[in-house]
Structure formats: structure tokens, C-alpha cells
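Undergrad: My structure is in work_2.cif, and what it holds is mmCIF, C-alpha atoms:
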data_target
#
loop_
_atom_site.label_atom_id
_atom_site.label_comp_id
_atom_site.auth_asym_id
_atom_site.auth_seq_id
_atom_site.Cartn_x
_atom_site.Cartn_y
_atom_site.Cartn_z
CA MET A 211 25.39 -10.75 13.57
CA LYS A 212 22.78 -10.15 16.27
CA THR A 213 19.06 -10.27 15.48
CA LEU A 214 17.00 -7.11 15.92
CA THR A 215 13.20 -7.18 15.94
CA ILE A 216 11.46 -3.91 15.09
CA VAL A 217 7.76 -3.90 15.91
CA LYS A 218 5.34 -1.20 14.79
CA ILE A 219 1.93 -0.82 16.42
CA GLY A 220 -0.92 1.25 15.08
CA GLY A 221 -3.51 3.46 16.65
CA ASN A 222 -6.19 0.81 16.95
CA VAL A 223 -3.94 -1.17 19.29
CA ILE A 224 -2.99 1.93 21.27
CA ASP A 225 -6.63 3.00 21.65
CA ASN A 226 -7.82 -0.40 22.92
CA GLU A 227 -6.72 -0.93 26.52
CA LYS A 228 -7.22 -4.69 26.43
CA SER A 229 -5.25 -5.09 23.19
CA LEU A 230 -2.51 -2.75 24.39
CA LYS A 231 -2.11 -4.57 27.70
CA LYS A 232 -1.65 -7.92 25.94
CA PHE A 233 0.70 -6.40 23.38
CA ILE A 234 2.94 -4.88 26.06
CA SER A 235 3.13 -8.24 27.81
CA ASP A 236 3.89 -10.12 24.56
CA PHE A 237 6.45 -7.55 23.40
CA SER A 238 8.30 -7.80 26.71
CA LYS A 239 8.71 -11.55 26.10
CA LEU A 240 10.39 -11.17 22.71
CA LYS A 241 13.93 -12.49 22.79
CA GLY A 242 16.97 -10.53 21.68
CA LEU A 243 17.35 -6.89 20.72
CA LYS A 244 14.15 -5.02 19.98
CA MET A 245 12.67 -1.66 19.16
CA LEU A 246 9.10 -0.36 19.21
CA VAL A 247 7.73 2.16 16.71
CA HIS A 248 4.24 3.52 17.31
CA GLY A 249 1.57 5.45 15.49
CA GLY A 250 -0.79 8.03 16.87
CA GLY A 251 -4.20 6.63 17.67
CA LYS A 252 -7.38 8.67 17.86
CA LEU A 253 -6.27 11.25 20.44
CA ALA A 254 -4.69 13.67 17.93
CA THR A 255 -7.84 13.56 15.81
CA GLN A 256 -10.09 14.04 18.84
CA LEU A 257 -8.09 17.05 20.02
CA SER A 258 -8.08 18.55 16.52
CA GLU A 259 -11.85 18.21 16.29
CA LYS A 260 -12.34 19.84 19.71
CA LEU A 261 -10.18 22.77 18.57
CA GLY A 262 -11.97 23.03 15.25
CA ILE A 263 -8.92 22.06 13.20
CA GLU A 264 -9.66 20.24 9.94
CA ILE A 265 -8.47 16.64 9.55
CA LYS A 266 -7.62 15.48 6.06
CA MET A 267 -6.28 12.06 5.02
CA ILE A 268 -5.18 10.78 1.61
CA GLU A 269 -4.47 7.03 1.16
CA GLY A 270 -4.01 6.63 4.90
CA ARG A 271 -1.61 9.58 5.18
CA ARG A 272 -2.44 12.66 7.23
CA ILE A 273 -2.14 16.14 5.74
CA THR A 274 -0.26 18.17 8.38
CA TYR A 275 -0.83 21.90 8.74
CA SER A 276 1.14 24.05 11.21
CA GLU A 277 -1.55 23.72 13.89
CA THR A 278 -1.90 20.00 13.22
CA LEU A 279 1.85 19.60 13.68
CA LYS A 280 1.66 21.09 17.17
CA ILE A 281 -1.05 18.62 18.15
CA THR A 282 0.61 15.55 16.63
CA THR A 283 3.93 16.41 18.28
CA MET A 284 2.33 16.84 21.70
CA VAL A 285 0.28 13.67 21.40
CA TYR A 286 2.67 11.33 19.57
CA ALA A 287 6.02 12.34 21.09
CA GLY A 288 4.43 13.22 24.41
CA TRP A 289 1.46 11.37 25.88
CA ILE A 290 1.50 8.22 23.74
CA ASN A 291 5.27 7.81 23.65
CA LYS A 292 5.73 8.21 27.38
CA THR A 293 2.74 6.04 28.20
CA LEU A 294 4.15 3.17 26.13
CA THR A 295 7.61 3.69 27.61
CA ALA A 296 6.26 3.58 31.15
CA ARG A 297 4.23 0.44 30.41
CA LEU A 298 7.31 -1.35 29.04
CA ASN A 299 9.43 -0.30 32.01
CA SER A 300 6.76 -1.71 34.31
CA LYS A 301 7.59 -5.09 32.72
CA LYS A 302 11.21 -4.79 33.93
CA MET A 303 12.47 -3.65 30.56
CA LYS A 304 14.93 -0.81 29.96
CA ALA A 305 12.86 1.33 27.59
CA ILE A 306 13.56 4.88 26.51
CA GLY A 307 11.02 7.10 24.77
CA LEU A 308 12.37 8.94 21.74
CA CYS A 309 11.34 10.54 18.48
CA GLY A 310 13.29 11.07 15.30
CA ALA A 311 14.32 14.59 16.35
CA ASP A 312 16.11 13.33 19.49
CA LEU A 313 19.85 13.10 18.83
CA PHE A 314 18.83 13.82 15.23
CA LEU A 315 18.24 10.06 15.01
CA ILE A 316 15.99 10.17 11.94
CA PRO A 317 16.85 13.07 9.62
CA SER A 318 14.04 13.97 7.25
CA GLU A 319 13.09 16.50 4.64
CA LYS A 320 9.77 18.10 3.86
CA ARG A 321 7.83 16.11 1.31
CA LYS A 322 8.05 17.81 -2.05
CA LYS A 323 4.84 19.22 -3.51
CA THR A 324 3.37 17.22 -6.37
CA LYS A 325 -0.34 17.04 -7.04
CA ILE A 326 -0.80 16.88 -3.26
CA ASP A 327 0.71 19.22 -0.67
CA TYR A 328 1.09 17.14 2.49
CA GLY A 329 2.20 20.16 4.52
CA PHE A 330 4.62 19.49 7.37
CA VAL A 331 5.09 15.84 6.51
CA GLY A 332 8.61 14.46 6.49
CA ASP A 333 10.25 11.93 4.20
CA VAL A 334 12.99 9.97 5.94
CA LEU A 335 16.57 10.23 4.68
CA ILE A 336 17.41 6.57 5.24
CA ASN A 337 21.12 6.89 4.50
CA LYS A 338 21.46 9.55 7.21
CA ILE A 339 19.72 7.66 10.03
CA ASN A 340 21.96 7.77 13.10
CA THR A 341 22.55 4.03 13.44
CA LYS A 342 25.62 4.62 15.62
CA ASN A 343 23.64 6.19 18.45
CA LEU A 344 20.76 3.75 18.03
CA ALA A 345 23.26 0.90 18.37
CA LEU A 346 24.49 2.38 21.65
CA PHE A 347 21.01 1.87 23.08
CA LEU A 348 20.43 -1.53 21.52
CA ASN A 349 23.80 -3.02 22.44
CA ASN A 350 23.14 -2.08 26.07
CA ASN A 351 19.77 -3.87 25.95
CA ILE A 352 17.87 -0.58 26.02
CA VAL A 353 14.63 -0.64 24.03
CA PRO A 354 14.04 2.54 21.98
CA VAL A 355 10.36 3.49 21.75
CA MET A 356 10.12 5.68 18.66
CA ALA A 357 7.41 8.30 18.07
CA PRO A 358 6.65 9.34 14.47
CA ILE A 359 8.02 12.88 14.72
CA THR A 360 11.23 13.74 12.83
CA SER A 361 13.16 16.88 11.91
CA ASN A 362 15.47 18.37 9.31
CA ALA A 363 18.91 19.95 9.68
CA LYS A 364 17.33 23.37 10.25
CA GLY A 365 15.32 22.15 13.21
CA GLN A 366 11.92 21.98 11.54
CA LEU A 367 9.73 19.23 12.97
CA PHE A 368 7.71 16.93 10.71
CA ASN A 369 4.88 14.49 11.18
CA THR A 370 6.17 11.30 9.56
CA ASN A 371 4.33 8.10 8.73
CA ALA A 372 5.10 5.53 11.43
CA ASP A 373 5.06 2.63 8.95
CA THR A 374 7.74 4.47 6.97
CA ILE A 375 9.80 5.10 10.09
CA ALA A 376 9.67 1.41 11.00
CA SER A 377 10.77 0.23 7.56
CA SER A 378 13.44 2.94 7.29
CA LEU A 379 14.92 1.98 10.65
CA ALA A 380 14.86 -1.70 9.67
CA ILE A 381 16.68 -0.95 6.40
CA ALA A 382 19.30 1.31 8.00
CA LEU A 383 19.97 -1.06 10.88
CA SER A 384 20.18 -4.12 8.60
CA LYS A 385 23.83 -3.16 8.06
CA LYS A 386 24.51 -3.79 11.75
CA TYR A 387 21.92 -6.46 12.64
CA LYS A 388 19.82 -9.19 11.10
CA THR A 389 16.58 -7.22 11.11
CA LYS A 390 13.05 -8.53 11.37
CA LEU A 391 10.13 -6.14 10.87
CA ILE A 392 6.66 -6.81 12.28
CA TYR A 393 3.67 -4.58 11.62
CA CYS A 394 1.05 -5.16 14.32
CA PHE A 395 -2.50 -3.91 14.05
CA GLU A 396 -6.06 -5.07 14.80
CA LYS A 397 -6.54 -7.45 11.85
CA ASN A 398 -5.09 -10.95 11.47
CA GLY A 399 -3.04 -9.98 8.42
CA VAL A 400 -3.59 -8.61 4.94
CA LEU A 401 -7.10 -9.64 3.96
CA ALA A 402 -8.78 -10.51 0.66
CA ASN A 403 -12.47 -11.39 0.87
CA ASP A 404 -12.12 -11.51 4.67
CA LYS A 405 -9.43 -14.21 4.46
CA VAL A 406 -5.81 -13.79 5.52
CA ILE A 407 -3.30 -13.88 2.69
CA LYS A 408 -0.57 -16.06 4.20
CA THR A 409 2.18 -14.88 1.83
CA MET A 410 2.22 -11.92 -0.54
CA ASN A 411 4.60 -10.85 -3.29
CA SER A 412 4.74 -7.50 -5.12
CA ASN A 413 2.78 -8.74 -8.15
CA GLN A 414 -0.12 -9.88 -5.96
CA TYR A 415 -0.02 -6.53 -4.19
CA LYS A 416 -0.24 -4.54 -7.43
CA ILE A 417 -3.28 -6.52 -8.58
CA LEU A 418 -5.08 -6.23 -5.23
CA LYS A 419 -4.34 -2.51 -5.10
CA GLN A 420 -5.59 -1.94 -8.66
CA ASN A 421 -8.80 -3.78 -7.82
CA LYS A 422 -9.15 -1.69 -4.64
CA ILE A 423 -9.21 -4.80 -2.47
CA ILE A 424 -6.32 -3.18 -0.62
CA ASN A 425 -6.72 0.52 0.16
CA ASN A 426 -6.33 3.35 2.68
CA GLY A 427 -3.94 2.71 5.59
CA MET A 428 -2.83 -0.68 4.27
CA ILE A 429 -1.19 0.96 1.25
CA PRO A 430 1.67 2.76 3.06
CA LYS A 431 2.15 -0.31 5.24
CA LEU A 432 2.68 -2.59 2.24
CA ASP A 433 4.65 -0.02 0.24
CA ASN A 434 7.09 0.19 3.11
CA ALA A 435 7.15 -3.57 3.65
CA PHE A 436 8.21 -4.29 0.08
CA SER A 437 10.76 -1.49 0.15
CA ALA A 438 12.28 -2.97 3.31
CA LEU A 439 12.41 -6.46 1.81
CA GLU A 440 14.27 -5.13 -1.23
CA ASN A 441 16.79 -3.27 0.93
CA GLY A 442 18.24 -5.80 3.35
CA VAL A 443 15.50 -6.61 5.87
CA LYS A 444 15.43 -10.38 6.39
CA GLU A 445 11.84 -10.99 7.46
CA ILE A 446 8.61 -8.97 7.34
CA ILE A 447 5.26 -9.94 8.87
CA ILE A 448 1.96 -8.05 9.01
CA GLY A 449 -0.51 -9.36 11.56
CA ASN A 450 -2.62 -9.04 14.66
CA SER A 451 -0.98 -7.57 17.75
CA SER A 452 -2.38 -10.44 19.83
CA GLN A 453 -0.38 -12.95 17.74
CA LEU A 454 3.03 -11.35 18.16
CA ASN A 455 4.64 -14.50 19.53
CA LYS A 456 2.64 -16.97 17.46
CA GLN A 457 4.44 -18.89 14.73
CA ASN A 458 3.10 -18.68 11.15
CA ALA A 459 0.56 -15.99 12.03
CA GLY A 460 -0.26 -13.01 9.85
CA THR A 461 0.90 -12.25 6.30
CA ARG A 462 4.52 -12.85 5.34
CA ILE A 463 5.95 -10.52 2.69
CA ILE A 464 8.07 -12.42 0.18
CA TYR A 465 10.00 -11.91 -3.07
CA ASN A 466 8.30 -12.66 -6.40
#
Could you rewrite the structure in this file as C-alpha cells?
TA:
Amino acid sequence: MKTLTIVKIGGNVIDNEKSLKKFISDFSKLKGLKMLVHGGGKLATQLSEKLGIEIKMIEGRRITYSETLKITTMVYAGWINKTLTARLNSKKMKAIGLCGADLFLIPSEKRKKTKIDYGFVGDVLINKINTKNLALFLNNNIVPVMAPITSNAKGQLFNTNADTIASSLAIALSKKYKTKLIYCFEKNGVLANDKVIKTMNSNQYKILKQNKIINNGMIPKLDNAFSALENGVKEIIIGNSSQLNKQNAGTRIIYN
């Protein structure tokens, strides 16, 4: 079984030209099959503010109204996705920019209303991910660059958490490949009292979350990491984008 490395980068890497340049170089040096999943960065927020559209976040997740959806689709699946794709191709890679709506690769459904109405936010239907078409790209050494926009069977677009997309893809593709999932962002790993936690299990996570040592955007990242570990993904690391090729860097997610 071939190894597949799925790397997710966040907005703070995308927004920092120096960090992004190093990441693109390091990613291009990764051996074997690979896929890049990216978040949105500050541009969608900046455009929303200029247009007078309210931005609302809950536990690191964006509430998506109809006007917000237009902006996130244009920015995420447009400017950011194609910029990253072009940068990777400049490193002699065969990269293709996609989102979950393309080829209906990542079917989703609108998040059900509970106490919070997230609007046009999609929840991935992992069992329906089109692994067959994704494998066509991967097995021909083409690198999919995935934007966090998905759709349902009726053609409705959704803004979908990029951390969730990365873990969902890793889980679905673990039936075809030995999958490794790496979350890259601006910190050196999951931190407690400014120190990197080298390994973390679910019990540690629950305690740190209850004590609010871990909060905001780190919550969906870790929720998805533990879900992936429990569903077939072989290795999960959360760390700094500048340490992508460094051994024993970041926080390794492990079983209890």
C-alpha cells in the first residue's frame, strides 16, 4: 500500500509571504503521493469588512450567510487556491487546484440547526467522498490542491472547515493508501503554558479543553485529528509549517 501525505495549511501561513515561500519549497520536497488542503487567510474577512458584511466566529468556525458564502467561494476556491497551485507548479510539480464541488469530490450536507445556526456551512459525508477520482490524480503523481468549498447533491455550495476536509479526506483515502495527516500552522505544535506538547491523547485534550488552555481555532483542529486517528489514519502531526520536513517536530496525536 502506497503512502499518502495530506498536509493542511492555515491562513496565517498563507498570509505571510516568507512562511508561504518556505512552505511551498518544503512541500515540494515531500516524497511520495501528496495532497494539499488549505484554509482561507485574512482576505475573505478583509473583503467582508470593506463591503460591510458582518463576520461572526464560534469556536474557530465561521458563521456563513449567503453574502459571506459568495466571498468565501471567490477567495478560497479562486484567488488562494489558484495562487497555491501556481506556486507548486513553479516547483516542477503537477498540481491541480480543486474544491469539494469539483467532480462532486467531497459531498456535504448543510449543518443541522442546534443551538447555533451556522448558515451555509457544510458537514462532509465521509463515506461518499469520491476516492476513485481522487486516486486517478494521485496515482498519476498529480497533487490535488483542495479549497474548503463543498456542495450537496442539489448543487448548493457550502463553506466547510478546512481542518475537517483534511481529516475527512485522510479517513476516506486510508482505504486505498497508508495516510499521514499533517496540520501546519504558525505555532510549533499544541501549546500548554507556551511549551509544545510532544504527544497528546484524547484524555489530555479533554482536560486542557475544559480548563480553556486549548480554545478557538485549535478545537476543530484537534477534534478532527482524533477522529482521523480513530478511523484509519496512521499518523497525525500538528506543527509549524517551517518544520514540515523535520523529524520529531510538532505535536503527535496518539491513542490513550
Undergrad: How many Å separate CA of Ala382 in chain A from CA of Ile290 in chain A?
TA: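 Interatomic distance here is 24.7 Å.
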Undergrad: When distances are computed from all atoms listed in the file, which of A:Lys397, A:Arg297, A:Lys280, A:Lys252 shows the smallest separation from Phe233 in chain A?
TA: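 Counting all atoms listed in the file, the residue closest to Phe233 in chain A is A:Arg297.
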Undergrad: Figure out the distance between CA of Thr215 in chain A and CA of Lys408 in chain A, please, to one decimal in Å.
TA: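 Going from CA of Lys408 in chain A over to CA of Thr215 in chain A, I get 20.2 Å.
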Undergrad: Compile the contact shell of Val217 in chain A as a PDB file with C-alpha atoms, in the coordinates of the input: residues with an atom at most 12 Å away, counting all atoms listed in the file, same-chain residues fewer than 5 positions apart removed.
TA:
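As written to disk, part20.pdb reads:
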ATOM      1  CA  PHE A 233       0.700  -6.400  23.380  1.00  0.00           C
ATOM      2  CA  ILE A 234       2.940  -4.880  26.060  1.00  0.00           C
ATOM      3  CA  ASP A 236       3.890 -10.120  24.560  1.00  0.00           C
ATOM      4  CA  PHE A 237       6.450  -7.550  23.400  1.00  0.00           C
ATOM      5  CA  SER A 238       8.300  -7.800  26.710  1.00  0.00           C
ATOM      6  CA  LEU A 240      10.390 -11.170  22.710  1.00  0.00           C
ATOM      7  CA  LEU A 243      17.350  -6.890  20.720  1.00  0.00           C
ATOM      8  CA  LYS A 244      14.150  -5.020  19.980  1.00  0.00           C
ATOM      9  CA  MET A 245      12.670  -1.660  19.160  1.00  0.00           C
ATOM     10  CA  LEU A 246       9.100  -0.360  19.210  1.00  0.00           C
ATOM     11  CA  VAL A 247       7.730   2.160  16.710  1.00  0.00           C
ATOM     12  CA  HIS A 248       4.240   3.520  17.310  1.00  0.00           C
ATOM     13  CA  GLY A 249       1.570   5.450  15.490  1.00  0.00           C
ATOM     14  CA  VAL A 353      14.630  -0.640  24.030  1.00  0.00           C
ATOM     15  CA  PRO A 354      14.040   2.540  21.980  1.00  0.00           C
ATOM     16  CA  VAL A 355      10.360   3.490  21.750  1.00  0.00           C
ATOM     17  CA  MET A 356      10.120   5.680  18.660  1.00  0.00           C
ATOM     18  CA  ALA A 372       5.100   5.530  11.430  1.00  0.00           C
ATOM     19  CA  ASP A 373       5.060   2.630   8.950  1.00  0.00           C
ATOM     20  CA  ILE A 375       9.800   5.100  10.090  1.00  0.00           C
ATOM     21  CA  ALA A 376       9.670   1.410  11.000  1.00  0.00           C
ATOM     22  CA  SER A 377      10.770   0.230   7.560  1.00  0.00           C
ATOM     23  CA  LEU A 379      14.920   1.980  10.650  1.00  0.00           C
ATOM     24  CA  ALA A 380      14.860  -1.700   9.670  1.00  0.00           C
ATOM     25  CA  THR A 389      16.580  -7.220  11.110  1.00  0.00           C
ATOM     26  CA  LYS A 390      13.050  -8.530  11.370  1.00  0.00           C
ATOM     27  CA  LEU A 391      10.130  -6.140  10.870  1.00  0.00           C
ATOM     28  CA  ILE A 392       6.660  -6.810  12.280  1.00  0.00           C
ATOM     29  CA  TYR A 393       3.670  -4.580  11.620  1.00  0.00           C
ATOM     30  CA  CYS A 394       1.050  -5.160  14.320  1.00  0.00           C
ATOM     31  CA  PHE A 395      -2.500  -3.910  14.050  1.00  0.00           C
ATOM     32  CA  GLU A 445      11.840 -10.990   7.460  1.00  0.00           C
ATOM     33  CA  ILE A 446       8.610  -8.970   7.340  1.00  0.00           C
ATOM     34  CA  ILE A 447       5.260  -9.940   8.870  1.00  0.00           C
ATOM     35  CA  ILE A 448       1.960  -8.050   9.010  1.00  0.00           C
ATOM     36  CA  GLY A 449      -0.510  -9.360  11.560  1.00  0.00           C
ATOM     37  CA  ASN A 450      -2.620  -9.040  14.660  1.00  0.00           C
ATOM     38  CA  SER A 451      -0.980  -7.570  17.750  1.00  0.00           C
ATOM     39  CA  LEU A 454       3.030 -11.350  18.160  1.00  0.00           C
ATOM     40  CA  ASN A 455       4.640 -14.500  19.530  1.00  0.00           C
TER      41      ASN A 455
END
Undergrad: Would you write out, as a list in words, every residue that the PyMOL selection byres ((chain A and resi 459) around 8) captures in this file?
TA: Asn398, Gly399, Lys408, Gly449, Gln453, Lys456, Gln457, Asn458, Gly460 and Thr461 of chain A
